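Engineer: If it helps, the file is called query.tsv and holds TSV, C-alpha atoms:
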```tsv
chain	number	residue	atom	x	y	z
A	951	MET	CA	-58.33	65.09	-61.96
A	952	LYS	CA	-61.02	63.16	-60.08
A	953	ASN	CA	-60.67	62.07	-56.51
A	954	ILE	CA	-61.08	58.28	-56.58
A	955	LEU	CA	-61.11	57.80	-52.81
A	956	THR	CA	-64.54	57.75	-51.23
A	957	LYS	CA	-63.36	58.00	-47.64
A	958	GLU	CA	-61.72	61.09	-46.27
A	959	LEU	CA	-58.09	60.56	-45.36
A	960	LYS	CA	-57.07	61.70	-41.90
A	961	PRO	CA	-53.57	62.97	-41.24
A	962	CYS	CA	-51.41	60.59	-39.27
A	963	ILE	CA	-48.46	61.60	-37.14
A	964	ILE	CA	-45.72	59.02	-36.73
A	965	VAL	CA	-43.19	59.66	-34.01
A	966	VAL	CA	-39.85	57.94	-34.45
A	967	MET	CA	-37.81	57.69	-31.31
A	968	ILE	CA	-34.14	57.03	-31.82
A	969	ILE	CA	-32.85	55.24	-28.79
A	970	THR	CA	-29.25	54.58	-27.86
A	971	PRO	CA	-28.01	51.75	-25.63
A	972	SER	CA	-27.42	54.19	-22.76
A	973	LYS	CA	-30.96	55.61	-23.06
A	974	PHE	CA	-32.35	52.07	-23.22
A	975	ALA	CA	-30.42	51.13	-20.06
A	976	LEU	CA	-31.84	54.18	-18.27
A	977	LEU	CA	-35.36	53.25	-19.35
A	978	ILE	CA	-34.94	49.70	-18.07
A	979	GLU	CA	-33.43	50.97	-14.79
A	980	GLY	CA	-36.53	53.14	-14.41
A	981	TYR	CA	-38.81	50.16	-14.94
A	982	VAL	CA	-36.86	48.14	-12.35
A	983	LYS	CA	-37.06	50.88	-9.71
A	984	ASP	CA	-40.58	52.15	-10.39
A	985	LYS	CA	-42.34	48.83	-10.90
A	986	GLN	CA	-40.24	46.72	-8.49
A	987	MET	CA	-39.38	44.11	-11.11
A	988	ASN	CA	-36.23	42.35	-12.25
A	989	TYR	CA	-34.23	43.34	-15.33
A	990	MET	CA	-35.36	40.52	-17.60
A	991	ASP	CA	-39.02	41.25	-16.90
A	992	ALA	CA	-38.42	44.96	-17.43
A	993	VAL	CA	-36.92	44.35	-20.89
A	994	VAL	CA	-39.83	42.09	-21.84
A	995	LEU	CA	-42.38	44.61	-20.54
A	996	TYR	CA	-40.71	47.42	-22.52
A	997	CYS	CA	-40.84	45.27	-25.65
A	998	GLU	CA	-44.52	44.44	-25.12
A	999	GLU	CA	-45.47	48.08	-24.53
A	1000	ASN	CA	-43.63	49.21	-27.66
A	1001	ASN	CA	-44.56	46.29	-29.92
A	1002	ILE	CA	-40.93	45.20	-30.31
A	1003	ASP	CA	-39.76	41.63	-30.66
A	1004	PRO	CA	-37.42	40.97	-27.68
A	1005	SER	CA	-34.83	39.47	-30.02
A	1006	ASN	CA	-34.50	42.89	-31.70
A	1007	VAL	CA	-33.30	44.73	-28.59
A	1008	LYS	CA	-29.98	42.88	-28.41
A	1009	PRO	CA	-28.04	45.82	-29.92
A	1010	LEU	CA	-29.54	48.13	-27.29
A	1011	ILE	CA	-28.27	46.16	-24.29
A	1012	ASN	CA	-25.02	47.73	-23.15
A	1013	LYS	CA	-22.30	46.10	-21.06
A	1014	HIS	CA	-23.63	47.21	-17.68
A	1015	LEU	CA	-27.19	46.12	-18.39
A	1016	LYS	CA	-25.92	42.80	-19.74
A	1017	GLU	CA	-23.92	42.23	-16.54
A	1018	LYS	CA	-26.97	42.96	-14.39
A	1019	ILE	CA	-29.14	40.60	-16.42
A	1020	ALA	CA	-26.44	37.90	-16.26
A	1021	TYR	CA	-26.06	38.29	-12.48
A	1022	GLU	CA	-29.82	38.08	-12.09
A	1023	ALA	CA	-29.97	34.97	-14.29
A	1024	GLN	CA	-27.17	33.30	-12.31
A	1025	SER	CA	-28.95	33.97	-9.02
A	1026	LEU	CA	-32.07	32.34	-10.48
A	1027	ASN	CA	-29.99	29.35	-11.68
A	1028	MET	CA	-30.73	30.18	-15.31
A	1029	LEU	CA	-27.03	30.47	-16.20
A	1030	LYS	CA	-24.06	28.47	-15.08
A	1031	ASP	CA	-21.40	30.22	-13.02
A	1032	LYS	CA	-18.40	31.21	-15.09
A	1033	THR	CA	-15.96	30.80	-12.22
A	1034	ALA	CA	-14.04	27.57	-12.02
A	1035	LYS	CA	-14.74	25.49	-8.95
A	1036	LEU	CA	-12.69	22.60	-7.66
A	1037	PRO	CA	-14.64	19.40	-7.11
A	1038	ILE	CA	-14.97	18.65	-3.42
```
Let me see the file written as structure tokens.
Structural biologist:
Amino acid sequence: MKNILTKELKPCIIVVMIITPSKFALLIEGYVKDKQMNYMDAVVLYCEENNIDPSNVKPLINKHLKEKIAYEAQSLNMLKDKTAKLPI
């Protein structure tokens, strides 16, 4: 059988990292502490570094990380408060 390829093929190693929501939360916590950034920016930075679309990390965000992101968003006036307030 003849070898049709003219270029030599080089072996390629593909590493697949299986990540759980708790591992993802720890990674994001590390970004927040090490790089002095907020949680939303840390998630976006992680996605950029790993070539992941930010909309695909939704299943990886656990309850605690979601609460921290929501608190951060509320303090930046990006979300409305969920508590009922009487008009004054």
Engineer: Taking all atoms listed in the file into account, name the residue in A:Ile969, A:Ser1025, A:Tyr996, A:Pro1004 that is nearest to Val982 in chain A.
Structural biologist: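 Result for the nearest residue to Val982 in chain A: A:Tyr996.
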Engineer: Between A:Cys962, A:Asn1006, A:Ile1011, A:Lys1030, which is the closest to Ile978 in chain A once you count all atoms listed in the file?
Structural biologist: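 Selected residue with least distance to Ile978 in chain A: A:Ile1011.
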Engineer: Go ahead and compute the interatomic distance for CA of Glu999 in chain A and CA of Leu1029 in chain A, in Å to one decimal.
Structural biologist: 26.8 Å
Engineer: So, counting all atoms listed in the file, which residue among A:Met987, A:Ala1023, A:Met1028, A:Val994 is closest to Val1007 in chain A?
Structural biologist: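 For Val1007 in chain A, the nearest of the given residues is A:Val994.
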Engineer: Tell me, as a ChimeraX atom specification, which residues lie within 7 Å of range 1012-1015 of chain A, counting only C-alpha atoms; anything in the same chain fewer than 5 positions away does not count.
Structural biologist: /A:971-972,975
Engineer: Rounded to one decimal in Å, what is the spacing between CA of Lys1016 in chain A and CA of Phe974 in chain A?
Structural biologist: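 Value for the CA of Lys1016 in chain A-CA of Phe974 in chain A distance: 11.8 Å.
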Engineer: May I ask for the distance between CA of Glu1022 in chain A and CA of Glu979 in chain A, given in Å to one decimal place?
Structural biologist: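 Distance between the two atoms: 13.7 Å.
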